[in-house]
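run29.cif, holding mmCIF, C-alpha atoms:
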data_start
#
loop_
_atom_site.label_atom_id
_atom_site.label_comp_id
_atom_site.auth_asym_id
_atom_site.auth_seq_id
_atom_site.Cartn_x
_atom_site.Cartn_y
_atom_site.Cartn_z
CA MET W 236 48.27 91.00 70.76
CA MET W 237 50.91 89.04 68.91
CA ASP W 238 53.48 91.72 69.75
CA SER W 239 52.68 91.64 73.42
CA ASN W 240 52.99 87.85 73.36
CA LEU W 241 56.38 88.12 71.74
CA ASN W 242 57.44 90.82 74.19
CA ARG W 243 56.37 88.56 77.04
CA GLN W 244 58.18 85.58 75.55
CA LEU W 245 61.37 87.62 75.11
CA LYS W 246 61.19 88.93 78.65
CA THR W 247 60.52 85.43 80.00
CA THR W 248 63.33 83.92 77.97
CA PHE W 249 65.83 86.43 79.20
CA SER W 250 64.56 86.60 82.76
CA HIS W 251 65.06 82.87 83.06
CA THR W 252 68.67 83.35 82.20
CA ASP W 253 70.66 82.88 85.32
CA ILE W 254 74.30 83.64 84.76
CA PRO W 255 76.62 82.21 87.37
CA ILE W 256 79.15 84.80 88.51
CA SER W 257 82.68 83.68 89.15
CA GLU W 258 83.60 85.26 92.47
CA GLU W 259 87.25 84.59 91.65
CA HIS W 260 87.06 86.64 88.44
CA LEU W 261 85.07 89.36 90.14
CA GLN W 262 87.81 89.64 92.80
CA GLU W 263 90.43 89.69 90.06
CA THR W 264 88.59 92.57 88.35
CA VAL W 265 88.37 94.54 91.61
CA PHE W 266 92.08 93.90 92.20
CA SER W 267 93.02 95.12 88.69
CA VAL W 268 90.88 98.23 89.11
CA ASN W 269 92.58 98.98 92.43
CA ILE W 270 95.99 98.69 90.76
CA GLU W 271 94.79 101.11 88.06
CA LEU W 272 93.55 103.54 90.72
CA ASN W 273 96.94 103.36 92.47
CA ARG W 274 98.73 103.99 89.18
CA LYS W 275 96.50 106.95 88.44
CA SER W 276 97.05 108.56 91.82
CA SER W 277 100.83 108.28 91.40
CA ILE W 278 100.83 110.20 88.10
CA ASN W 279 101.99 113.80 88.41
CA ARG W 280 99.61 116.03 86.53
CA ILE W 281 100.99 119.09 84.80
CA PRO W 282 98.95 122.11 83.71
CA PHE W 283 98.29 122.62 79.99
CA ARG W 284 100.58 125.67 79.92
CA SER W 285 103.58 123.61 81.07
CA PHE W 286 102.65 120.92 78.58
CA LEU W 287 102.54 123.50 75.79
CA ILE W 288 106.01 124.77 76.76
CA LEU W 289 107.30 121.19 76.67
CA GLN W 290 105.82 120.71 73.21
CA ILE W 291 107.39 123.97 71.99
CA ARG W 292 110.79 122.80 73.23
CA HIS W 293 110.18 119.39 71.71
CA MET W 294 108.95 120.34 68.25
CA GLY W 295 107.53 123.88 68.15
CA TRP W 296 110.86 125.55 67.39
CA LYS W 297 111.41 123.18 64.44
CA ILE W 298 108.06 124.16 62.91
CA TRP W 299 108.75 127.85 63.40
CA ALA W 300 112.29 127.58 62.03
CA ILE W 301 111.08 125.83 58.86
CA GLN W 302 108.31 128.39 58.41
CA GLY W 303 110.81 131.24 58.81
CA ILE W 304 113.29 129.70 56.36
CA LEU W 305 110.55 129.14 53.80
CA LEU W 306 109.36 132.72 54.14
CA ALA W 307 112.85 134.10 53.64
CA LEU W 308 113.35 131.79 50.66
CA ILE W 309 110.10 132.75 48.94
CA ASN W 310 110.73 136.44 49.42
CA SER W 311 114.34 136.29 48.26
CA VAL W 312 113.51 134.29 45.13
CA LEU W 313 110.68 136.58 44.17
CA ILE W 314 112.51 139.82 44.92
CA VAL W 315 115.55 138.65 42.96
CA SER W 316 113.36 137.49 40.04
CA PHE W 317 111.08 140.47 39.74
CA GLY W 318 112.99 143.28 41.42
CA LYS W 319 111.29 146.61 41.92
CA TYR W 320 108.77 145.94 39.18
CA TYR W 321 107.33 143.13 41.25
CA TRP W 322 106.66 145.19 44.35
CA GLY W 323 105.02 147.93 42.32
CA THR W 324 102.40 145.71 40.71
CA GLN W 325 99.31 145.08 42.85
CA ARG W 326 98.36 141.95 40.91
CA TYR W 327 101.67 140.22 41.50
CA VAL W 328 101.92 141.26 45.12
CA ALA W 329 98.41 139.99 45.81
CA GLU W 330 99.24 136.72 44.10
CA LEU W 331 102.48 136.41 46.08
CA LEU W 332 100.61 136.99 49.31
CA CYS W 333 98.08 134.27 48.44
CA PHE W 334 100.83 131.80 47.54
CA SER W 335 102.82 132.64 50.67
CA SER W 336 99.93 132.04 53.03
CA ILE W 337 99.32 128.60 51.55
CA LEU W 338 103.01 127.69 51.47
CA VAL W 339 103.43 128.79 55.09
CA LEU W 340 100.56 126.50 56.04
CA MET W 341 102.07 123.63 54.04
CA THR W 342 105.19 123.65 56.21
CA ALA W 343 103.07 122.29 59.06
CA LEU W 344 101.94 119.22 57.09
CA PRO W 345 104.89 116.93 57.92
CA PHE W 346 104.49 117.69 61.63
CA ILE W 347 100.82 116.71 61.60
CA HIS W 348 101.40 113.75 59.30
CA ARG W 349 104.35 112.19 61.15
CA PRO W 350 102.55 111.11 64.34
CA LEU W 351 99.51 110.05 62.29
CA ARG W 352 101.66 108.01 59.90
CA PHE W 353 103.65 106.22 62.57
CA LYS W 354 100.76 106.04 65.04
CA MET W 355 102.81 108.06 67.52
CA ASN W 356 99.86 110.03 68.82
CA GLU W 357 98.95 107.21 71.15
CA VAL W 358 102.51 106.86 72.43
CA GLU W 359 102.92 110.61 72.83
CA ALA W 360 99.54 110.84 74.51
CA ALA W 361 100.39 108.08 76.96
CA THR W 362 103.72 109.73 77.70
CA TRP W 363 102.60 113.30 77.93
CA PHE W 364 98.91 114.12 77.88
CA SER W 365 95.62 113.12 76.32
CA SER W 366 95.71 112.92 72.53
CA ALA W 367 93.08 115.68 72.30
CA ARG W 368 95.27 118.11 74.20
CA LEU W 369 98.32 116.97 72.29
CA LEU W 370 96.58 117.77 69.01
CA LEU W 371 95.36 121.09 70.42
CA ALA W 372 98.93 121.95 71.47
CA LYS W 373 100.24 121.15 67.97
CA LEU W 374 97.52 123.18 66.27
CA LEU W 375 98.26 126.08 68.65
CA ILE W 376 102.00 125.94 67.93
CA ILE W 377 101.39 125.77 64.18
CA GLY W 378 98.77 128.53 64.39
CA VAL W 379 101.07 130.86 66.37
CA GLY W 380 103.89 130.23 63.87
CA ASP W 381 101.61 130.91 60.94
CA LEU W 382 100.28 134.12 62.48
CA LEU W 383 103.79 135.42 63.18
CA ILE W 384 105.02 134.64 59.69
CA LEU W 385 101.91 136.05 58.04
CA GLY W 386 102.22 139.10 60.30
CA GLY W 387 105.79 139.49 59.04
CA ILE W 388 104.64 139.25 55.43
CA LEU W 389 101.90 141.78 56.11
CA TYR W 390 104.32 144.22 57.73
CA THR W 391 106.90 143.89 54.93
CA THR W 392 104.28 144.26 52.21
CA ILE W 393 102.73 147.36 53.74
CA LEU W 394 106.18 148.91 54.16
CA LYS W 395 107.49 148.02 50.72
CA THR W 396 104.47 148.47 48.48
CA SER W 397 101.91 151.12 47.73
CA ILE W 398 99.02 148.67 48.02
CA ASN W 399 96.45 149.56 50.69
CA ALA W 400 96.58 147.61 53.94
CA SER W 401 93.05 146.22 53.65
CA GLY W 402 93.92 144.54 50.34
CA VAL W 403 97.06 143.05 51.84
CA ILE W 404 95.10 141.68 54.80
CA LEU W 405 92.52 140.12 52.48
CA TYR W 406 95.09 138.32 50.29
CA ILE W 407 96.86 136.95 53.35
CA ILE W 408 93.86 135.92 55.41
CA PHE W 409 91.43 134.58 52.82
CA PRO W 410 93.60 131.87 51.20
CA PHE W 411 95.04 130.95 54.61
CA LEU W 412 91.61 130.37 56.14
CA LEU W 413 90.45 128.53 53.02
CA ALA W 414 93.45 126.19 53.09
CA CYS W 415 93.09 125.72 56.87
CA GLY W 416 89.47 124.70 56.38
CA GLY W 417 90.47 122.17 53.72
CA LEU W 418 93.24 120.70 55.88
CA LEU W 419 91.01 120.39 58.93
CA PHE W 420 88.33 118.75 56.81
CA LEU W 421 90.86 116.20 55.51
CA LEU W 422 92.26 115.65 59.02
CA GLU W 423 88.78 114.82 60.22
CA HIS W 424 87.52 112.76 57.31
CA ILE W 425 90.28 110.81 55.59
CA PRO W 426 92.39 107.91 56.90
CA ALA W 427 95.74 108.92 58.38
CA ARG W 428 97.77 107.29 55.58
CA PHE W 429 96.11 109.51 52.97
CA PHE W 430 96.49 112.74 54.93
CA LEU W 431 99.87 113.88 53.55
CA PRO W 432 99.18 113.16 49.84
CA GLY W 433 95.60 114.42 50.23
CA SER W 434 96.53 117.66 51.94
CA THR W 435 99.51 118.31 49.64
CA GLY W 436 97.26 117.70 46.65
CA MET W 437 94.68 120.08 48.04
CA CYS W 438 97.24 122.84 48.67
CA VAL W 439 98.77 122.40 45.18
CA ALA W 440 95.27 122.51 43.64
CA LEU W 441 94.57 125.70 45.59
CA LEU W 442 97.85 127.26 44.39
CA LEU W 443 97.00 126.34 40.78
CA MET W 444 93.52 127.75 41.21
CA LEU W 445 94.93 131.03 42.50
CA PHE W 446 97.40 131.10 39.63
CA MET W 447 94.65 130.46 37.08
CA THR W 448 92.43 133.09 38.69
CA ASP W 449 95.05 135.69 37.75
CA ARG W 450 94.70 134.63 34.09
CA ILE W 451 90.95 134.10 33.99
CA TYR W 452 89.65 136.74 36.38
CA PRO W 453 92.42 139.30 37.14
CA ALA W 454 89.93 141.56 38.97
CA PHE W 455 90.13 139.12 41.89
CA TYR W 456 93.57 140.55 42.71
CA HIS W 457 92.31 144.14 42.84
CA GLN W 458 89.91 143.73 45.74
CA THR W 459 89.93 145.42 49.14
CA PHE W 460 88.80 144.00 52.47
CA SER W 461 85.12 144.94 52.12
CA LEU W 462 82.23 143.98 54.41
CA ALA W 463 81.33 141.06 52.12
CA TRP W 464 84.89 139.68 52.31
CA GLY W 465 84.79 140.24 56.05
CA ILE W 466 81.67 138.07 56.30
CA VAL W 467 83.27 135.38 54.12
CA CYS W 468 86.40 135.33 56.32
CA LEU W 469 84.32 135.30 59.50
CA GLY W 470 82.35 132.36 58.12
CA LEU W 471 85.61 130.51 57.44
CA VAL W 472 86.88 131.26 60.97
CA VAL W 473 83.67 129.90 62.50
CA CYS W 474 83.83 126.85 60.26
CA ASN W 475 87.46 126.18 61.26
CA ILE W 476 86.74 126.57 64.97
CA PHE W 477 83.83 124.14 64.60
CA GLN W 478 86.06 121.62 62.81
CA ILE W 479 88.81 121.89 65.43
CA SER W 480 86.30 121.29 68.22
CA ARG W 481 84.95 118.25 66.37
CA ILE W 482 88.45 116.83 65.81
CA ILE W 483 89.34 117.32 69.47
CA LYS W 484 86.08 115.76 70.61
CA ARG W 485 86.55 112.82 68.24
CA SER W 486 90.14 112.41 69.38
CA ALA W 487 89.04 112.17 73.02
CA PHE W 488 86.29 109.72 72.10
CA ALA W 489 88.64 107.55 70.06
CA GLU W 490 90.97 107.45 73.03
CA MET W 491 88.13 106.39 75.29
CA GLN W 492 87.12 103.79 72.71
CA LEU W 493 83.69 105.32 72.38
CA THR W 494 83.79 105.42 68.62
CA MET Q 184 69.43 109.71 93.94
CA THR Q 185 70.06 106.07 92.95
CA ARG Q 186 72.68 103.84 94.54
CA GLU Q 187 74.72 104.18 91.36
CA ASP Q 188 74.65 108.01 91.63
CA LYS Q 189 75.78 107.84 95.24
CA LEU Q 190 78.65 105.52 94.37
CA ILE Q 191 79.77 107.75 91.49
CA LYS Q 192 79.70 110.75 93.81
CA ARG Q 193 81.85 108.87 96.33
CA MET Q 194 84.25 107.85 93.56
CA GLU Q 195 84.51 111.47 92.44
CA SER Q 196 85.48 112.45 95.97
CA GLY Q 197 88.23 109.81 95.90
CA ASP Q 198 86.58 107.01 97.90
CA ARG Q 199 88.20 103.83 96.63
CA SER Q 200 85.76 101.44 98.25
CA ALA Q 201 83.04 102.96 96.06
CA ALA Q 202 84.78 101.59 92.96
CA GLU Q 203 84.59 98.07 94.34
CA GLU Q 204 80.93 98.48 95.25
CA LEU Q 205 80.19 99.83 91.78
CA ILE Q 206 81.92 96.87 90.14
CA ARG Q 207 79.98 94.42 92.32
CA LEU Q 208 76.76 96.23 91.41
CA LEU Q 209 77.27 96.34 87.66
CA TYR Q 210 79.45 93.27 87.02
CA PRO Q 211 76.55 90.82 86.40
CA GLU Q 212 74.79 92.95 83.78
CA ILE Q 213 78.00 93.87 81.96
CA LEU Q 214 78.97 90.19 81.93
CA ARG Q 215 75.54 89.27 80.57
CA TYR Q 216 75.99 91.88 77.84
CA CYS Q 217 79.53 90.74 76.97
CA LEU Q 218 78.36 87.11 76.77
CA TRP Q 219 76.19 88.15 73.83
CA HIS Q 220 79.17 89.62 72.04
CA ALA Q 221 82.03 87.30 72.92
CA PRO Q 222 82.38 83.77 71.56
CA ASN Q 223 83.03 82.23 74.97
CA ARG Q 224 82.78 82.94 78.65
CA SER Q 225 86.48 83.41 79.19
CA MET Q 226 86.62 86.16 76.56
CA ALA Q 227 83.47 87.74 77.94
CA GLU Q 228 85.06 87.89 81.40
CA ASP Q 229 88.21 89.44 79.94
CA ALA Q 230 86.03 92.02 78.18
CA VAL Q 231 84.24 92.85 81.45
CA GLN Q 232 87.55 93.35 83.23
CA GLU Q 233 88.87 95.54 80.42
CA THR Q 234 85.62 97.55 80.45
CA PHE Q 235 85.93 98.39 84.14
CA LEU Q 236 89.63 99.21 83.75
CA LYS Q 237 88.91 101.62 80.91
CA ALA Q 238 86.03 103.16 82.83
CA VAL Q 239 88.34 103.87 85.77
CA ARG Q 240 91.15 105.04 83.47
CA TYR Q 241 88.93 107.64 81.81
CA PHE Q 242 86.75 108.41 84.82
CA ASP Q 243 88.31 111.90 85.13
CA ARG Q 244 86.88 112.82 81.75
CA TYR Q 245 83.43 111.44 82.46
CA ILE Q 246 80.93 114.05 83.61
CA HIS Q 247 78.16 112.36 85.58
CA LYS Q 248 74.71 113.26 84.36
CA GLY Q 249 73.07 110.02 85.37
CA LYS Q 250 74.35 108.16 82.30
CA PHE Q 251 77.16 106.09 83.75
CA LYS Q 252 75.56 102.87 82.54
CA ALA Q 253 75.45 104.18 78.98
CA PHE Q 254 79.13 105.12 79.29
CA LEU Q 255 79.97 101.63 80.56
CA TYR Q 256 77.92 99.83 77.90
CA GLN Q 257 79.58 101.85 75.13
CA ILE Q 258 83.01 100.89 76.45
CA ALA Q 259 81.90 97.25 76.77
CA ALA Q 260 80.58 97.15 73.20
CA ASN Q 261 83.80 98.58 71.79
CA THR Q 262 85.96 96.35 73.95
CA CYS Q 263 84.13 93.28 72.63
CA ILE Q 264 84.52 94.51 69.04
CA ASP Q 265 88.25 95.09 69.60
CA MET Q 266 88.70 91.67 71.18
CA ARG Q 267 86.92 89.96 68.31
CA ARG Q 268 89.11 91.80 65.81
CA LYS Q 269 92.32 90.97 67.66
CA LYS Q 270 91.51 87.30 68.10
CA SER Q 271 89.99 86.95 64.62
CA PHE Q 272 86.83 85.42 65.93
CA SER Q 273 84.77 87.19 63.33
CA ASP Q 274 84.55 84.06 61.23
CA ILE Q 275 82.87 82.03 63.97
CA SER Q 276 79.38 81.12 62.78
CA ILE Q 277 76.21 81.05 64.84
CA GLU Q 278 76.18 77.27 64.49
CA ASP Q 279 79.66 77.12 65.96
CA LEU Q 280 78.53 79.23 68.85
CA THR Q 281 75.59 77.04 69.69
CA HIS Q 282 77.61 73.87 69.26
CA GLU Q 283 80.27 75.28 71.51
CA SER Q 284 77.37 75.25 73.96
CA ILE Q 285 77.91 78.82 75.01
CA TYR Q 286 74.42 78.86 76.51
CA HIS Q 287 75.05 75.78 78.60
CA GLU Q 288 78.42 77.05 79.64
CA THR Q 289 76.99 80.36 80.73
CA GLY Q 290 73.90 79.06 82.36
CA PHE Q 291 71.69 79.62 79.33
CA ASP Q 292 70.20 76.18 79.73
CA LYS Q 293 66.79 76.64 78.26
CA THR Q 294 63.86 75.05 76.62
CA GLU Q 295 63.90 74.41 72.90
CA SER Q 296 61.70 77.44 72.14
CA ASP Q 297 64.02 79.68 74.15
CA LEU Q 298 66.99 78.38 72.21
CA ALA Q 299 65.19 78.91 68.90
CA LEU Q 300 64.36 82.47 69.89
CA ARG Q 301 67.98 83.11 70.87
CA GLN Q 302 69.21 81.77 67.56
CA TYR Q 303 66.79 84.02 65.67
CA ILE Q 304 68.04 86.99 67.70
CA GLU Q 305 71.61 86.06 66.77
CA LEU Q 306 70.61 86.03 63.12
CA LEU Q 307 69.15 89.54 63.20
CA PRO Q 308 71.18 92.32 61.56
CA GLU Q 309 73.65 93.74 64.09
CA GLU Q 310 71.91 97.09 64.64
CA LEU Q 311 68.56 95.39 65.29
CA ARG Q 312 70.08 92.65 67.45
CA GLU Q 313 71.78 95.23 69.65
CA VAL Q 314 68.46 96.95 70.40
CA VAL Q 315 66.79 93.63 71.30
CA ILE Q 316 69.68 92.59 73.55
CA LEU Q 317 69.77 95.90 75.41
CA ARG Q 318 65.98 96.12 75.72
CA PHE Q 319 65.22 92.56 76.78
CA SER Q 320 68.41 90.88 77.96
CA GLN Q 321 69.67 93.92 79.84
CA ASP Q 322 66.16 95.03 80.75
CA LEU Q 323 66.87 98.66 79.83
CA THR Q 324 64.25 101.16 78.78
CA ILE Q 325 64.06 102.17 75.14
CA ARG Q 326 65.37 105.62 76.12
CA GLU Q 327 68.43 104.08 77.83
CA THR Q 328 68.95 101.83 74.80
CA ALA Q 329 68.93 104.87 72.51
CA GLU Q 330 71.42 106.67 74.76
CA ILE Q 331 73.81 103.71 74.78
CA LEU Q 332 73.65 103.29 71.02
CA ASP Q 333 73.88 107.05 70.57
CA ILE Q 334 70.85 107.12 68.29
CA PRO Q 335 67.62 109.14 68.45
CA LEU Q 336 64.78 107.66 70.50
CA ARG Q 337 62.61 107.28 67.41
CA THR Q 338 65.33 105.34 65.60
CA ALA Q 339 65.65 102.98 68.56
CA GLN Q 340 61.88 102.52 68.59
CA SER Q 341 61.73 101.80 64.87
CA ARG Q 342 64.66 99.36 65.09
CA LEU Q 343 62.93 97.54 67.92
CA ARG Q 344 59.69 97.36 65.93
CA SER Q 345 61.54 96.04 62.90
CA ALA Q 346 63.41 93.45 65.00
CA LEU Q 347 60.21 92.23 66.61
CA LYS Q 348 58.55 91.98 63.20
CA GLN Q 349 61.38 89.83 61.88
CA LEU Q 350 61.40 87.62 64.98
CA LYS Q 351 57.62 87.22 64.79
CA SER Q 352 57.73 86.09 61.17
CA LYS Q 353 60.55 83.60 61.91
CA LEU Q 354 58.65 82.15 64.88
CA LYS Q 355 55.50 81.95 62.76
CA GLU Q 356 57.34 80.02 60.03
CA ASP Q 357 58.70 77.78 62.73
CA GLY Q 358 55.30 77.29 64.31
CA THR Q 359 56.76 78.17 67.70
CA VAL Q 360 54.25 80.98 68.24
#
The structure in this file should be written as structure tokens.
Amino acid sequence: MMDSNLNRQLKTTFSHTDIPISEEHLQETVFSVNIELNRKSSINRIPFRSFLILQIRHMGWKIWAIQGILLALINSVLIVSFGKYYWGTQRYVAELLCFSSILVLMTALPFIHRPLRFKMNEVEAATWFSSARLLLAKLLIIGVGDLLILGGILYTTILKTSINASGVILYIIFPFLLACGGLLFLLEHIPARFFLPGSTGMCVALLLMLFMTDRIYPAFYHQTFSLAWGIVCLGLVVCNIFQISRIIKRSAFAEMQLT
Amino acid sequence: MTREDKLIKRMESGDRSAAEELIRLLYPEILRYCLWHAPNRSMAEDAVQETFLKAVRYFDRYIHKGKFKAFLYQIAANTCIDMRRKKSFSDISIEDLTHESIYHETGFDKTESDLALRQYIELLPEELREVVILRFSQDLTIRETAEILDIPLRTAQSRLRSALKQLKSKLKEDGTV
């Protein structure tokens, strides 16, 4: 009874509220909206493919070049240091593969961090495309670079070593997907200014963990790509796709000021 | 199909006059909503204008499923928050607001009990106040309120119950009810 009285009082109170509308301001709003509609219709839209090509010309080649240089550097240092002995030892090769996949991924960090750090996403988005598609383009460029480099490592390792291909695939894919998952999680959950130290810290921790695994549980580096590992990797892929979709959705929402 | 749906459909097909009609249709309720969140009428009007501009700017990405109002209210709420942050109005107290005679300025010229009730609503925690404003001031259903706030229907219902309970106890103390 009391509640219905209160409901009635609230409805009455608000229904009595008569807000005078300023016709002048209403006209001004309509005018501004018309200007915005004119501006929108004058913008030339480009398909995502053209946008991706622009991004590759703008920054993609730099990412790929750095990834390539790093790969050559890692391989040269390790081959010079260990020589033939290195390539003949499954344990070391597996460890090298794990390290390489994480280091290859780390080369992308500055390119993700830079626009976040200097709040350039908004500027780039306004100039080129929506921030969601911009991020998607960057992740695609980085992903393609990573796949090519990791493919190169895979090919070289299979050619140069006696280790079976399924083992090589496992030691390239598993740490890569694990590190990707961590980076995407940080990208989604931590403030932009902490992304670079956070992600670098995570990658270094992962490298240390892999290094320690060799000392504590050497059997880890004698695995093959079994069904169980396949399920683990598939789970990581699904998890990463889910995180990317969330980041892209959040990015679009942030742009629309819905968050 | 509501008038709003028809206007959205016309806007989607590129009819510019539909945008003007839509603004004229929704301007009063968005202004009423912004008046609750802005410290003065001038800022509320700016927020309304900004809300419609953003709605048009991002209209391409909006998929109409009969929730345009929710989309607009969400933009309005965030625009008001942004404006408050930018202009550092966050330190304005409720007393300041009433003394600035926001209600008189905006046509909220009411009886004493109405004013008391408004002040108690202002004093509610933000999440509860928002439900009361949308439900009673904007005359939306509880389902629409939940959609705008992006919360489950049951959460909206429980927030409304909790808000009404708090208001009831304040009015009881006051002897208004």
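Closest approach to chain Q among W:Val265, W:Val379, W:Thr435, W:Thr247: W:Val265, based on only C-alpha atoms.
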Using the chain letters and numbers from this file, what does the PyMOL selection byres ((chain W and resi 454-461) around 6) select? Give the answer as a PyMOL selection string. chain W and resi 326+329+401-402+405+452-453+462-464
So that I can check the surroundings of stretch 205-211 of chain Q, please list as a ChimeraX atom specification every protein, DNA and RNA residue that reaches within 8 Å of it, counting only C-alpha atoms and ignoring chain neighbours fewer than 5 positions away. /W:254,256,261,265 /Q:187,190-191,231,235
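Coordinates place atom CA of W:Leu445 at a distance of 18.6 Å from atom CA of W:Thr342.
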What residues come out when you apply the PyMOL selection byres ((chain Q and resi 254) around 10) to this file, written as a PyMOL selection string? (chain W and resi 491+493) or (chain Q and resi 238+242+245+247+249-253+255-259+330-331)
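Across W:Glu423, W:Glu330, W:Asp449, W:Glu258, the tightest approach to chain Q is made by W:Glu258 when counting only C-alpha atoms.
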In terms of only C-alpha atoms, the residue from W:Leu375, W:Ile270, W:Ile304, W:Leu413 at minimal distance from chain Q is W:Ile270
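Note that the spacing between atom CA of W:Ile377 and atom CA of W:Leu418 amounts to 12.7 Å.
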Report as a list in words the full result of the PyMOL selection byres ((chain Q and resi 230) around 7) when it is applied to this structure. Cys217, Met226, Ala227, Glu228, Asp229, Val231, Gln232, Glu233, Thr234, Ala259, Thr262 and Cys263 of chain Q
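Coordinates place atom CA of W:Ala440 at a distance of 11.2 Å from atom CA of W:Gly417.
Closest approach to Q:Ile264 among Q:Val239, Q:Met194, Q:Ala221, Q:Ile246: Q:Ala221, based on only C-alpha atoms.
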Chain Q proximity check over W:Asn240, W:Ser276, W:Phe249, W:Ser434, using all atoms listed in the file: winner is W:Phe249
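You can rank Q:Arg193, Q:Arg337, Q:Lys248, Q:Arg342 by their closest distance to Q:Ile316 using all atoms listed in the file, and at the top of that list sits Q:Arg342.
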Using the file's own x, y and z axes, so that the box edges lie along x, y and z, what centre and edge lengths in Å (one decimal) does a box around every listed atom of stretch 337-340 of chain Q get when 6 Å is added on each side? Give it as JSON.
{"center_x": 63.8, "center_y": 104.9, "center_z": 67.1, "size_x": 15.8, "size_y": 16.8, "size_z": 15.0}
Which neighbours of Q:Gln349 fall inside 10 Å, counting all atoms listed in the file, when residues of the same chain fewer than 6 positions from it are skipped, and could you give them as a PyMOL selection string? chain Q and resi 303-304+307+311+343+355
Got a sec to check which residues sit within 10 Å of (68.6, 95.5, 81.4), counting only C-alpha atoms, and write them as a PyMOL selection string? (chain W and resi 249-250) or (chain Q and resi 212-213+215-216+316-324+327-328)
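At a cut-off of 6 Å from (80.8, 83.3, 79.8), the residue set is Leu218, Asn223, Arg224, Ser225, Ala227 and Thr289 of chain Q (counting all atoms listed in the file).
Omitting W:Met294 and its sequence neighbours fewer than 5 positions away, and counting only C-alpha atoms, the residues within 10 Å are Leu289, Trp299, Phe346, Lys373 and Ile376 of chain W.
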